[in-house]
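Asks: Okay, so here is coords_39.txt, and as you'll see once you scroll down, it has compact mmCIF, C-alpha atoms and all ligand atoms.
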# COMPACT_ATOMS: atom_id res chain seq x y z
CA MET A 2 -70.51 15.22 1.26
CA THR A 3 -69.28 11.89 2.67
CA MET A 4 -72.15 9.75 1.34
CA GLY A 5 -70.62 6.62 -0.13
CA LEU A 6 -67.11 7.64 0.90
CA ARG A 7 -66.19 5.21 3.61
CA CYS A 8 -62.48 4.53 3.77
CA VAL A 9 -59.29 6.55 3.72
CA ALA A 10 -55.64 5.56 3.70
CA ILE A 11 -53.68 8.15 5.60
CA PRO A 12 -49.95 8.44 4.99
CA VAL A 13 -47.84 8.91 8.12
CA CYS A 14 -45.97 11.91 6.81
CA GLY A 15 -48.67 14.50 6.39
CA ARG A 16 -52.39 13.95 6.29
CA SER A 17 -54.29 13.25 3.09
CA LYS A 18 -55.50 16.33 1.25
CA PHE A 19 -59.04 15.51 2.36
CA ASP A 20 -58.02 15.27 5.99
CA THR A 21 -56.26 18.62 5.88
CA ALA A 22 -59.13 20.38 4.22
CA PHE A 23 -61.91 18.64 6.15
CA PRO A 24 -60.81 17.63 9.65
CA ARG A 25 -62.18 14.26 10.85
CA MET A 26 -65.57 14.32 12.54
CA SER A 27 -66.05 12.92 16.04
CA GLY A 28 -69.57 12.05 17.22
CA ARG A 29 -69.77 15.39 19.02
CA ALA A 30 -68.65 17.25 15.93
CA VAL A 31 -71.52 16.04 13.77
CA GLY A 32 -73.86 18.78 15.01
CA ALA A 33 -71.18 21.38 14.42
CA ALA A 34 -70.60 19.95 10.96
CA VAL A 35 -74.27 20.32 10.06
CA ALA A 36 -74.18 23.94 11.16
CA GLY A 37 -70.91 24.36 9.27
CA ALA A 38 -72.46 22.92 6.12
CA ALA A 39 -75.24 25.51 6.31
CA VAL A 40 -72.69 28.29 6.63
CA VAL A 41 -70.69 26.91 3.68
CA THR A 42 -73.85 26.75 1.57
CA LEU A 43 -74.68 30.37 2.36
CA LEU A 44 -71.08 31.35 1.67
CA SER A 45 -71.17 29.52 -1.68
CA VAL A 46 -74.31 31.40 -2.70
CA ALA A 47 -72.65 34.68 -1.74
CA ILE A 48 -69.48 33.77 -3.67
CA ALA A 49 -71.51 32.60 -6.66
CA LEU A 50 -73.24 35.96 -6.78
CA CYS A 51 -70.09 38.03 -6.34
CA GLU A 52 -67.14 35.88 -7.50
CA PRO A 53 -68.12 33.10 -9.96
CA PRO A 54 -64.45 32.21 -10.82
CA LEU A 55 -63.64 31.67 -7.12
CA LEU A 56 -66.62 29.35 -6.81
CA ALA A 57 -65.38 27.33 -9.81
CA VAL A 58 -61.97 26.90 -8.15
CA LEU A 59 -63.62 25.77 -4.90
CA GLN A 60 -65.82 23.29 -6.72
CA ARG A 61 -62.87 21.85 -8.65
CA THR A 62 -60.83 21.48 -5.45
CA PHE A 63 -63.73 19.76 -3.69
CA SER A 64 -64.27 17.28 -6.52
CA LEU A 65 -60.51 16.51 -6.52
CA HIS A 66 -60.67 15.67 -2.81
CA THR A 67 -63.77 13.57 -3.40
CA ALA A 68 -62.09 11.68 -6.22
CA HIS A 69 -59.01 11.11 -4.04
CA LEU A 70 -61.14 9.57 -1.28
CA ARG A 71 -63.17 7.45 -3.64
CA LYS A 72 -59.96 6.14 -5.19
CA ASP A 73 -58.60 5.10 -1.77
CA MET A 74 -61.81 3.27 -1.02
CA GLU A 75 -61.90 1.52 -4.39
CA ASN A 76 -58.24 0.55 -3.91
CA PHE A 77 -58.91 -1.21 -0.64
CA PHE A 78 -61.98 -2.99 -1.97
CA GLN A 79 -59.87 -4.18 -4.88
CA LEU A 80 -57.03 -5.31 -2.61
CA VAL A 81 -59.43 -7.37 -0.49
CA LYS A 82 -60.93 -8.88 -3.65
CA ASN A 83 -57.40 -9.79 -4.73
CA ILE A 84 -56.76 -11.86 -1.59
CA VAL A 85 -60.03 -13.81 -1.61
CA PRO A 86 -59.25 -17.32 -2.87
CA ALA A 87 -61.13 -18.53 -5.93
CA LEU A 88 -63.79 -21.16 -5.35
CA THR A 89 -62.76 -24.11 -7.47
CA GLU A 90 -63.52 -27.80 -7.69
CA LYS A 91 -59.82 -28.56 -7.54
CA LYS A 92 -59.40 -27.88 -3.81
CA HIS A 93 -59.93 -30.20 -0.88
CA LYS A 94 -61.52 -29.53 2.49
CA GLY A 95 -59.33 -27.33 4.62
CA GLN A 96 -57.43 -25.53 1.89
CA ASP A 97 -59.46 -22.33 2.16
CA GLY A 98 -58.83 -22.04 5.90
CA ARG A 99 -58.54 -23.94 9.17
CA ILE A 100 -58.96 -21.40 11.94
CA GLY A 101 -58.50 -21.98 15.67
CA ILE A 102 -60.23 -19.94 18.38
CA VAL A 103 -58.64 -19.96 21.84
CA GLY A 104 -61.34 -18.92 24.31
CA GLY A 105 -64.49 -20.01 26.06
CA CYS A 106 -64.86 -20.49 29.80
CA GLN A 107 -67.63 -21.03 32.31
CA GLU A 108 -69.00 -17.48 31.98
CA TYR A 109 -68.49 -16.84 28.30
CA THR A 110 -69.55 -19.39 25.72
CA GLY A 111 -71.12 -17.02 23.19
CA ALA A 112 -67.97 -15.12 22.23
CA PRO A 113 -65.88 -18.10 20.99
CA TYR A 114 -68.95 -19.46 19.20
CA PHE A 115 -69.48 -16.10 17.41
CA ALA A 116 -65.82 -15.91 16.39
CA ALA A 117 -65.64 -19.51 15.16
CA MET A 118 -68.94 -19.29 13.24
CA SER A 119 -67.91 -15.99 11.67
CA ALA A 120 -64.73 -17.54 10.32
CA LEU A 121 -66.77 -20.39 8.82
CA LYS A 122 -69.45 -18.14 7.38
CA ALA A 123 -66.81 -15.88 5.80
CA GLY A 124 -65.43 -18.91 3.97
CA ALA A 125 -63.16 -20.98 6.25
CA ASP A 126 -63.48 -24.73 5.72
CA LEU A 127 -62.93 -25.74 9.36
CA SER A 128 -63.23 -23.90 12.65
CA TYR A 129 -61.78 -25.26 15.90
CA VAL A 130 -62.49 -23.98 19.41
CA PHE A 131 -59.99 -24.64 22.23
CA CYS A 132 -61.88 -23.89 25.44
CA ALA A 133 -62.21 -24.78 29.12
CA ARG A 134 -63.80 -28.16 29.87
CA GLU A 135 -67.06 -26.75 31.22
CA ALA A 136 -67.64 -24.54 28.20
CA ALA A 137 -67.26 -27.29 25.62
CA PRO A 138 -70.67 -29.04 25.77
CA VAL A 139 -72.38 -25.67 25.70
CA ILE A 140 -70.49 -24.47 22.64
CA LYS A 141 -71.03 -27.80 20.88
CA SER A 142 -74.74 -27.57 21.55
CA TYR A 143 -74.93 -24.22 19.75
CA SER A 144 -73.69 -25.70 16.52
CA PRO A 145 -72.71 -28.98 14.92
CA GLU A 146 -70.36 -27.08 12.58
CA LEU A 147 -67.69 -26.46 15.19
CA ILE A 148 -64.91 -28.79 16.33
CA VAL A 149 -64.53 -28.23 20.05
CA HIS A 150 -61.54 -29.25 22.18
CA PRO A 151 -62.13 -28.99 25.96
CA VAL A 152 -58.43 -28.64 26.80
CA LEU A 153 -57.70 -25.09 27.92
CA ASP A 154 -57.83 -25.75 31.68
CA SER A 155 -56.17 -29.16 31.54
CA PRO A 156 -52.65 -29.57 33.01
CA ASN A 157 -51.24 -30.35 29.57
CA ALA A 158 -53.21 -27.67 27.69
CA VAL A 159 -50.22 -26.35 25.77
CA GLN A 160 -49.25 -29.81 24.54
CA GLU A 161 -52.84 -30.54 23.54
CA VAL A 162 -53.14 -27.37 21.46
CA LYS A 163 -49.60 -27.77 20.09
CA LYS A 164 -50.68 -31.05 18.46
CA TRP A 165 -53.13 -29.10 16.33
CA LEU A 166 -50.95 -26.14 15.43
CA PRO A 167 -49.43 -27.74 12.31
CA ARG A 168 -52.95 -27.95 10.87
CA LEU A 169 -54.04 -24.41 11.73
CA HIS A 170 -53.70 -21.45 9.36
CA ALA A 171 -54.48 -18.79 11.97
CA LEU A 172 -55.37 -18.43 15.64
CA VAL A 173 -57.80 -16.02 17.29
CA VAL A 174 -56.91 -15.69 20.95
CA GLY A 175 -59.20 -14.22 23.58
CA PRO A 176 -62.94 -14.22 22.79
CA GLY A 177 -64.66 -15.39 25.98
CA LEU A 178 -61.36 -16.49 27.51
CA GLY A 179 -61.96 -14.87 30.91
CA ARG A 180 -59.14 -13.84 33.23
CA ASP A 181 -58.52 -16.95 35.27
CA ASP A 182 -54.80 -17.30 36.09
CA LEU A 183 -54.52 -20.93 35.02
CA LEU A 184 -56.15 -20.27 31.63
CA LEU A 185 -53.97 -17.20 31.04
CA LYS A 186 -50.82 -19.16 31.92
CA ASN A 187 -51.78 -21.84 29.39
CA VAL A 188 -52.53 -19.22 26.77
CA LYS A 189 -49.05 -17.78 27.25
CA GLY A 190 -47.60 -21.18 26.34
CA ILE A 191 -49.93 -21.44 23.33
CA LEU A 192 -48.83 -18.00 22.13
CA GLU A 193 -45.15 -18.95 22.39
CA ALA A 194 -45.73 -22.21 20.51
CA SER A 195 -47.75 -20.45 17.79
CA LYS A 196 -45.09 -17.77 17.31
CA ALA A 197 -42.46 -20.47 16.97
CA ARG A 198 -44.51 -21.88 14.07
CA ASP A 199 -44.99 -18.44 12.51
CA ILE A 200 -48.79 -18.69 12.68
CA PRO A 201 -50.82 -15.48 12.23
CA ILE A 202 -52.46 -14.57 15.55
CA VAL A 203 -55.41 -12.24 16.11
CA ILE A 204 -55.60 -11.12 19.74
CA ASP A 205 -58.89 -9.84 21.09
CA ALA A 206 -60.84 -9.41 24.35
CA ASP A 207 -59.18 -11.16 27.33
CA GLY A 208 -56.23 -12.03 25.11
CA LEU A 209 -55.60 -8.28 25.11
CA TRP A 210 -55.90 -8.25 28.89
CA LEU A 211 -53.04 -10.75 28.96
CA ILE A 212 -50.96 -8.67 26.52
CA ALA A 213 -51.52 -5.57 28.66
CA GLN A 214 -50.05 -7.53 31.62
CA GLU A 215 -47.15 -8.82 29.54
CA PRO A 216 -46.57 -6.91 26.27
CA ALA A 217 -43.34 -8.85 25.63
CA LEU A 218 -45.51 -11.82 24.67
CA ILE A 219 -46.36 -10.19 21.35
CA GLN A 220 -43.70 -7.47 21.05
CA GLY A 221 -42.38 -7.30 17.47
CA TYR A 222 -44.28 -10.38 16.23
CA GLN A 223 -45.05 -9.37 12.65
CA LYS A 224 -47.96 -11.78 12.23
CA ALA A 225 -49.93 -10.44 15.19
CA ILE A 226 -53.05 -8.30 14.90
CA LEU A 227 -54.57 -6.74 18.01
CA THR A 228 -58.25 -5.68 17.91
CA PRO A 229 -58.86 -3.46 20.96
CA ASN A 230 -62.16 -1.76 21.73
CA HIS A 231 -62.07 1.57 23.53
CA MET A 232 -61.29 0.12 26.97
CA GLU A 233 -58.80 -2.44 25.69
CA PHE A 234 -56.95 0.27 23.76
CA SER A 235 -56.55 2.36 26.94
CA ARG A 236 -55.17 -0.63 28.86
CA LEU A 237 -52.64 -1.43 26.15
CA TRP A 238 -51.64 2.20 25.89
CA GLU A 239 -51.03 2.46 29.63
CA ALA A 240 -48.96 -0.71 29.48
CA VAL A 241 -46.63 0.26 26.67
CA VAL A 242 -46.62 4.05 26.19
CA SER A 243 -45.44 6.22 29.05
CA SER A 244 -47.17 9.50 28.08
CA PRO A 245 -50.95 10.08 28.35
CA VAL A 246 -53.10 9.21 25.32
CA ASP A 247 -53.87 12.18 23.05
CA SER A 248 -57.61 11.71 22.62
CA SER A 249 -57.75 14.59 20.13
CA ASP A 250 -55.65 12.65 17.60
CA ASP A 251 -56.78 9.03 17.22
CA HIS A 252 -54.65 8.50 14.13
CA ALA A 253 -51.46 9.41 15.96
CA SER A 254 -52.45 7.23 18.93
CA VAL A 255 -53.04 4.04 16.96
CA LEU A 256 -49.83 4.61 15.01
CA ARG A 257 -47.89 5.17 18.22
CA LEU A 258 -49.30 2.07 19.92
CA SER A 259 -48.41 -0.09 16.93
CA GLN A 260 -44.88 1.32 16.92
CA ALA A 261 -44.49 0.86 20.67
CA LEU A 262 -45.43 -2.81 20.25
CA GLY A 263 -42.80 -3.27 17.54
CA ASN A 264 -45.06 -2.64 14.53
CA VAL A 265 -47.67 -5.26 15.25
CA THR A 266 -50.91 -4.43 13.44
CA VAL A 267 -53.46 -2.67 15.65
CA VAL A 268 -57.17 -2.28 14.84
CA GLN A 269 -58.72 0.38 17.06
CA LYS A 270 -62.47 -0.31 16.91
CA GLY A 271 -65.00 2.48 17.24
CA GLU A 272 -67.18 4.91 15.34
CA HIS A 273 -64.54 4.56 12.62
CA ASP A 274 -62.06 1.70 12.75
CA LEU A 275 -58.43 2.85 12.57
CA ILE A 276 -55.84 0.30 11.52
CA SER A 277 -52.09 0.76 11.72
CA ASP A 278 -48.98 -1.29 11.10
CA GLY A 279 -46.76 1.42 12.58
CA GLN A 280 -46.10 2.88 9.14
CA GLN A 281 -49.47 4.03 7.97
CA VAL A 282 -52.98 4.43 9.28
CA VAL A 283 -56.00 3.23 7.34
CA ARG A 284 -59.54 4.15 8.26
CA CYS A 285 -62.64 2.04 7.69
CA SER A 286 -65.94 3.87 7.91
CA GLN A 287 -68.15 1.40 6.09
CA GLU A 288 -71.70 2.23 7.06
CA GLY A 289 -72.87 0.15 10.06
CA SER A 290 -75.66 1.19 12.36
CA SER A 291 -76.18 2.70 15.76
CA ARG A 292 -76.92 -0.73 17.31
CA ARG A 293 -74.10 -1.84 19.63
CA CYS A 294 -75.09 -5.34 20.82
CA GLY A 295 -72.37 -7.46 22.46
CA GLY A 296 -70.49 -9.88 20.22
CA GLN A 297 -69.83 -7.67 17.19
CA GLY A 298 -66.14 -7.63 18.06
CA ASP A 299 -66.16 -11.44 18.05
CA LEU A 300 -67.54 -11.43 14.51
CA LEU A 301 -64.68 -9.12 13.58
CA SER A 302 -61.93 -11.20 15.22
CA GLY A 303 -63.17 -14.50 13.78
CA SER A 304 -63.46 -13.21 10.21
CA LEU A 305 -60.13 -11.43 10.60
CA GLY A 306 -58.38 -14.68 11.53
CA LEU A 307 -59.48 -16.07 8.18
CA MET A 308 -58.68 -12.96 6.17
CA ALA A 309 -55.22 -12.71 7.76
CA HIS A 310 -54.49 -16.21 6.48
CA TRP A 311 -55.80 -15.38 3.01
CA ALA A 312 -53.87 -12.12 2.83
CA LEU A 313 -50.55 -13.64 3.93
CA LEU A 314 -51.03 -16.50 1.49
CA ALA A 315 -51.75 -14.07 -1.35
CA GLY A 316 -48.69 -11.98 -0.43
CA LEU A 317 -47.49 -8.50 -1.30
CA GLU A 318 -47.90 -9.01 -5.02
CA LYS A 319 -51.70 -9.31 -4.64
CA THR A 320 -51.86 -6.45 -2.17
CA ASN A 321 -49.82 -4.15 -4.42
CA GLY A 322 -47.14 -3.72 -1.76
CA THR A 323 -49.60 -2.80 1.02
CA SER A 324 -49.14 -4.81 4.23
CA PRO A 325 -51.30 -7.95 3.83
CA LEU A 326 -52.46 -7.66 7.44
CA LEU A 327 -53.67 -4.10 6.86
CA VAL A 328 -55.70 -5.34 3.91
CA ALA A 329 -57.08 -8.25 5.95
CA ALA A 330 -58.03 -5.95 8.83
CA TRP A 331 -59.71 -3.46 6.53
CA GLY A 332 -61.65 -6.30 4.91
CA ALA A 333 -62.85 -7.75 8.22
CA CYS A 334 -63.86 -4.32 9.57
CA SER A 335 -65.84 -3.55 6.40
CA LEU A 336 -67.51 -6.94 6.56
CA THR A 337 -68.49 -6.59 10.24
CA ARG A 338 -69.92 -3.13 9.71
CA GLN A 339 -71.81 -4.20 6.57
CA CYS A 340 -73.33 -7.15 8.50
CA ASN A 341 -74.39 -4.72 11.19
CA HIS A 342 -75.94 -2.45 8.58
CA GLN A 343 -77.86 -5.25 6.85
CA ALA A 344 -79.09 -6.85 10.08
CA PHE A 345 -80.20 -3.45 11.38
CA GLN A 346 -82.26 -2.86 8.21
CA LYS A 347 -84.23 -6.00 9.09
CA TYR A 348 -84.37 -6.01 12.87
CA GLY A 349 -83.65 -2.48 14.04
CA ARG A 350 -83.24 -2.21 17.79
CA SER A 351 -83.65 -5.97 18.28
CA THR A 352 -80.58 -6.78 16.11
CA THR A 353 -78.23 -9.27 17.79
CA THR A 354 -74.89 -10.72 16.78
CA THR A 355 -76.65 -13.91 15.64
CA ASP A 356 -78.59 -11.78 13.15
CA MET A 357 -75.33 -10.21 11.98
CA ILE A 358 -73.68 -13.60 11.47
CA ALA A 359 -76.66 -14.64 9.33
CA GLU A 360 -75.81 -11.68 7.06
CA ILE A 361 -72.14 -12.60 6.50
CA GLY A 362 -72.76 -14.44 3.22
CA ALA A 363 -74.76 -11.64 1.62
CA ALA A 364 -72.49 -8.92 3.02
CA PHE A 365 -69.39 -10.68 1.76
CA SER A 366 -70.87 -11.07 -1.74
CA LYS A 367 -71.93 -7.46 -1.85
CA LEU A 368 -68.54 -6.13 -0.81
CA PHE A 369 -65.98 -8.53 -2.20
CA GLU A 370 -67.27 -10.96 -4.82
CA THR A 371 -66.32 -9.92 -8.34
N1 LIG B 401 -71.99 -13.46 24.46
C1 LIG B 401 -70.74 -13.53 24.97
O1 LIG B 401 -70.30 -14.57 25.45
C2 LIG B 401 -69.88 -12.34 24.90
C3 LIG B 401 -68.73 -12.32 25.66
N2 LIG B 401 -67.85 -11.33 25.58
C4 LIG B 401 -66.62 -11.51 26.34
O2 LIG B 401 -66.69 -10.79 27.54
C5 LIG B 401 -65.36 -10.69 28.05
C6 LIG B 401 -65.08 -9.26 28.49
O3 LIG B 401 -65.14 -8.40 27.35
P1 LIG B 401 -65.59 -6.88 27.49
O4 LIG B 401 -65.55 -6.25 26.15
O5 LIG B 401 -66.87 -6.82 28.22
O6 LIG B 401 -64.44 -6.36 28.47
P2 LIG B 401 -63.75 -4.94 28.64
O7 LIG B 401 -62.95 -4.59 27.47
O8 LIG B 401 -63.06 -4.97 29.93
O9 LIG B 401 -64.97 -3.94 28.69
C7 LIG B 401 -65.64 -3.85 29.84
C8 LIG B 401 -66.15 -2.44 30.00
O10 LIG B 401 -65.43 -1.50 29.24
C9 LIG B 401 -66.26 -0.41 28.93
N3 LIG B 401 -66.29 -0.17 27.47
C10 LIG B 401 -66.23 -1.10 26.48
N4 LIG B 401 -66.29 -0.52 25.28
C11 LIG B 401 -66.37 0.80 25.52
C12 LIG B 401 -66.45 1.93 24.65
N5 LIG B 401 -66.46 1.79 23.30
N6 LIG B 401 -66.52 3.16 25.22
C13 LIG B 401 -66.51 3.29 26.57
N7 LIG B 401 -66.41 2.25 27.42
C14 LIG B 401 -66.37 1.04 26.91
C15 LIG B 401 -67.63 -0.74 29.44
O11 LIG B 401 -67.74 -0.17 30.73
P3 LIG B 401 -69.15 0.38 31.33
O12 LIG B 401 -69.71 1.32 30.31
O13 LIG B 401 -69.97 -0.86 31.49
O14 LIG B 401 -68.75 1.02 32.60
C16 LIG B 401 -67.56 -2.24 29.50
O15 LIG B 401 -68.48 -2.82 30.36
C17 LIG B 401 -64.44 -11.13 26.91
O16 LIG B 401 -64.04 -12.46 27.13
C18 LIG B 401 -65.33 -11.04 25.73
O17 LIG B 401 -64.92 -11.88 24.65
C19 LIG B 401 -67.98 -10.24 24.62
O18 LIG B 401 -67.26 -10.65 23.48
C20 LIG B 401 -69.45 -9.97 24.30
C21 LIG B 401 -70.22 -11.21 23.97
N1 LIG B 402 -69.81 3.85 17.41
C1 LIG B 402 -69.74 2.94 16.45
N2 LIG B 402 -70.31 3.15 15.25
C2 LIG B 402 -70.26 2.23 14.27
N3 LIG B 402 -69.61 1.05 14.39
C3 LIG B 402 -69.02 0.78 15.56
C4 LIG B 402 -69.04 1.71 16.65
N4 LIG B 402 -68.36 1.16 17.68
C5 LIG B 402 -67.94 -0.04 17.25
N5 LIG B 402 -68.34 -0.28 15.98
C6 LIG B 402 -68.07 -1.47 15.17
O1 LIG B 402 -68.46 -2.64 15.87
C7 LIG B 402 -67.49 -3.65 15.72
C8 LIG B 402 -67.09 -4.15 17.11
O2 LIG B 402 -66.55 -3.09 17.85
P1 LIG B 402 -66.80 -2.97 19.40
O3 LIG B 402 -66.10 -1.76 19.88
O4 LIG B 402 -68.26 -3.14 19.67
O5 LIG B 402 -66.03 -4.29 19.88
P2 LIG B 402 -66.12 -5.05 21.25
O6 LIG B 402 -66.42 -4.12 22.38
O7 LIG B 402 -64.88 -5.85 21.35
O8 LIG B 402 -67.35 -6.05 21.00
P3 LIG B 402 -67.73 -7.38 21.79
O9 LIG B 402 -69.05 -7.11 22.39
O10 LIG B 402 -67.77 -8.45 20.75
O11 LIG B 402 -66.65 -7.64 22.80
C9 LIG B 402 -66.31 -3.05 14.95
O12 LIG B 402 -66.33 -3.52 13.62
C10 LIG B 402 -66.59 -1.57 14.95
O13 LIG B 402 -66.31 -0.99 13.71
MG MG B 403 -64.64 -7.64 22.51
Output the structure of this file as structure tokens.
Replies:
Amino acid sequence: MTMGLRCVAIPVCGRSKFDTAFPRMSGRAVGAAVAGAAVVTLLSVAIALCEPPLLAVLQRTFSLHTAHLRKDMENFFQLVKNIVPALTEKKHKGQDGRIGIVGGCQEYTGAPYFAAMSALKAGADLSYVFCAREAAPVIKSYSPELIVHPVLDSPNAVQEVKKWLPRLHALVVGPGLGRDDLLLKNVKGILEASKARDIPIVIDADGLWLIAQEPALIQGYQKAILTPNHMEFSRLWEAVVSSPVDSSDDHASVLRLSQALGNVTVVQKGEHDLISDGQQVVRCSQEGSSRRCGGQGDLLSGSLGLMAHWALLAGLEKTNGTSPLLVAAWGACSLTRQCNHQAFQKYGRSTTTTDMIAEIGAAFSKLFET
């Protein structure tokens, strides 16, 4: 029934027709759904034998729902295609994206590398990493493609990063940042300086830890996108919403969290990714795999930094009035999941994030090149 139907836009006032007729499936509900499908099949046979006109009505209704879903999915693919800049010989280096990653400390050097490489592989021209001194040689040794600034734990970290802000199109704050007080204090200053320049900011991982301590840092900033995993979502929720999270209604929760943060865009990662700007909820269920190696979220945040820049540059006209950041988030989620799917086809259980990053080019072409 849902083969090939991956993505649904869900209006705030009232669920989509599909959602009403076919409630969303959680992992636990899959078994029940299979049993349900068997019952429906038996019922259909019984109706076909006794009431052929009723069966025709049911079939027509089902195909209407299917068409509705497919249209939503096609819409979002088209909107992402609309924001992807054309490759032309008329541009110079940097014009298609200069993305900064703020993260990387003694313990975590992989995460900022994954995020920065993912931005490059998705089509950014230049990727910068602002990390702690000790992490820099390690990150540089992974790749000659990255420009690495070992400034994050220096006494004048904010000034050092500020120098680069005029050249950056988007920042991704948090992958591999760690939770050291000095680093977090410097990141606060970097966030303030970036907001003052109106730079799009993706906040992930330990950047979300910081926001959970101090939500005011991002409250109401319309160019912020938060990408919490399950744990990070709970922390943010506890920090900004007083009532307990309603785990039976994920759509309502992500909408509520976005609203409580002043309509910043929130991407709740999971079995399906739910994205909200406080006005609507969009779901991305692009087929991935059951492999959950560490670093997939870094691929998402890095590619999202780039797509956020592209989407804001393209503007509402290209996104047909849909929030550009929703379109960017949907695009990056689809891309991450498609990379996971492709890498899993080749490597199965041994799939790692490095394998997924190697798939970005092919996945991007498959999904978004016209
Ligand atoms: N190669 C590298 O350098 C990488 C570095 N990374 C960097 O690590 C830093 C910390 O990031 P993080 O994600 O480990 O921290 P956090 O959110 O506190 O989660 C900790 C605990 O939460 C739980 N948990 C998580 N998801 C869950 C779920 N869906 N459902 C249920 N529970 C769930 C789970 O708890 P457990 O099951 O182990 O009890 C998990 O252990 C950060 O800087 C990040 O960028 C990563 O990017 C990976 C690659
Ligand atoms: N159960 C799942 N089924 C399919 N895809 C999933 C599932 N959980 C997460 N994903 C996908 O994996 C990507 C990363 O999400 P995840 O929750 O693993 O982030 P994370 O914990 O921040 O990862 P990282 O290890 O990089 O910190 C997202 O694009 C999400 O759609
Ligand atoms: Mg993460």
Asks: Give the answer as one residue: which of A:Leu172, A:Leu300, A:Val81, A:Leu313 has the shortest atom-to-atom distance to ligand LIG 401 (chain B), using only C-alpha atoms and all ligand atoms?
Replies: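 Once distances to ligand LIG 401 (chain B) are computed over only C-alpha atoms and all ligand atoms, the minimum belongs to A:Leu300.
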Asks: Taking all atoms listed in the file into account, list the residues no farther than 10 Å from ligand LIG 402 (chain B), as an mmCIF file with C-alpha atoms, keeping the file's coordinate frame.
Replies:
data_model
loop_
_atom_site.group_PDB
_atom_site.id
_atom_site.type_symbol
_atom_site.label_atom_id
_atom_site.label_comp_id
_atom_site.auth_asym_id
_atom_site.auth_seq_id
_atom_site.Cartn_x
_atom_site.Cartn_y
_atom_site.Cartn_z
ATOM 1 C CA SER A 27 -66.050 12.920 16.040
ATOM 2 C CA GLY A 28 -69.570 12.050 17.220
ATOM 3 C CA GLY A 111 -71.120 -17.020 23.190
ATOM 4 C CA ALA A 112 -67.970 -15.120 22.230
ATOM 5 C CA PRO A 113 -65.880 -18.100 20.990
ATOM 6 C CA PHE A 115 -69.480 -16.100 17.410
ATOM 7 C CA ALA A 116 -65.820 -15.910 16.390
ATOM 8 C CA GLY A 175 -59.200 -14.220 23.580
ATOM 9 C CA PRO A 176 -62.940 -14.220 22.790
ATOM 10 C CA GLY A 177 -64.660 -15.390 25.980
ATOM 11 C CA ASP A 205 -58.890 -9.840 21.090
ATOM 12 C CA ALA A 206 -60.840 -9.410 24.350
ATOM 13 C CA ASP A 207 -59.180 -11.160 27.330
ATOM 14 C CA THR A 228 -58.250 -5.680 17.910
ATOM 15 C CA PRO A 229 -58.860 -3.460 20.960
ATOM 16 C CA ASN A 230 -62.160 -1.760 21.730
ATOM 17 C CA HIS A 231 -62.070 1.570 23.530
ATOM 18 C CA MET A 232 -61.290 0.120 26.970
ATOM 19 C CA GLU A 233 -58.800 -2.440 25.690
ATOM 20 C CA VAL A 268 -57.170 -2.280 14.840
ATOM 21 C CA GLN A 269 -58.720 0.380 17.060
ATOM 22 C CA LYS A 270 -62.470 -0.310 16.910
ATOM 23 C CA GLY A 271 -65.000 2.480 17.240
ATOM 24 C CA GLU A 272 -67.180 4.910 15.340
ATOM 25 C CA HIS A 273 -64.540 4.560 12.620
ATOM 26 C CA ASP A 274 -62.060 1.700 12.750
ATOM 27 C CA LEU A 275 -58.430 2.850 12.570
ATOM 28 C CA CYS A 285 -62.640 2.040 7.690
ATOM 29 C CA SER A 286 -65.940 3.870 7.910
ATOM 30 C CA GLN A 287 -68.150 1.400 6.090
ATOM 31 C CA GLU A 288 -71.700 2.230 7.060
ATOM 32 C CA GLY A 289 -72.870 0.150 10.060
ATOM 33 C CA SER A 290 -75.660 1.190 12.360
ATOM 34 C CA SER A 291 -76.180 2.700 15.760
ATOM 35 C CA ARG A 292 -76.920 -0.730 17.310
ATOM 36 C CA ARG A 293 -74.100 -1.840 19.630
ATOM 37 C CA CYS A 294 -75.090 -5.340 20.820
ATOM 38 C CA GLY A 295 -72.370 -7.460 22.460
ATOM 39 C CA GLY A 296 -70.490 -9.880 20.220
ATOM 40 C CA GLN A 297 -69.830 -7.670 17.190
ATOM 41 C CA GLY A 298 -66.140 -7.630 18.060
ATOM 42 C CA ASP A 299 -66.160 -11.440 18.050
ATOM 43 C CA LEU A 300 -67.540 -11.430 14.510
ATOM 44 C CA LEU A 301 -64.680 -9.120 13.580
ATOM 45 C CA SER A 302 -61.930 -11.200 15.220
ATOM 46 C CA ALA A 330 -58.030 -5.950 8.830
ATOM 47 C CA TRP A 331 -59.710 -3.460 6.530
ATOM 48 C CA ALA A 333 -62.850 -7.750 8.220
ATOM 49 C CA CYS A 334 -63.860 -4.320 9.570
ATOM 50 C CA SER A 335 -65.840 -3.550 6.400
ATOM 51 C CA LEU A 336 -67.510 -6.940 6.560
ATOM 52 C CA THR A 337 -68.490 -6.590 10.240
ATOM 53 C CA ARG A 338 -69.920 -3.130 9.710
ATOM 54 C CA GLN A 339 -71.810 -4.200 6.570
ATOM 55 C CA CYS A 340 -73.330 -7.150 8.500
ATOM 56 C CA ASN A 341 -74.390 -4.720 11.190
ATOM 57 C CA HIS A 342 -75.940 -2.450 8.580
ATOM 58 C CA THR A 354 -74.890 -10.720 16.780
#
Asks: Please measure the separation of CA of Arg180 in chain A and CA of Glu108 in chain A, giving the value in Å to one decimal.
Replies: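 Pair CA of Arg180 in chain A / CA of Glu108 in chain A returns 10.6 Å.
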Asks: What does the distance from CA of Val149 in chain A to atom N3 of ligand LIG 401 (chain B) come to in Å, to one decimal?
Replies: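 Computed distance, CA of Val149 in chain A to atom N3 of ligand LIG 401 (chain B), equals 29.1 Å.
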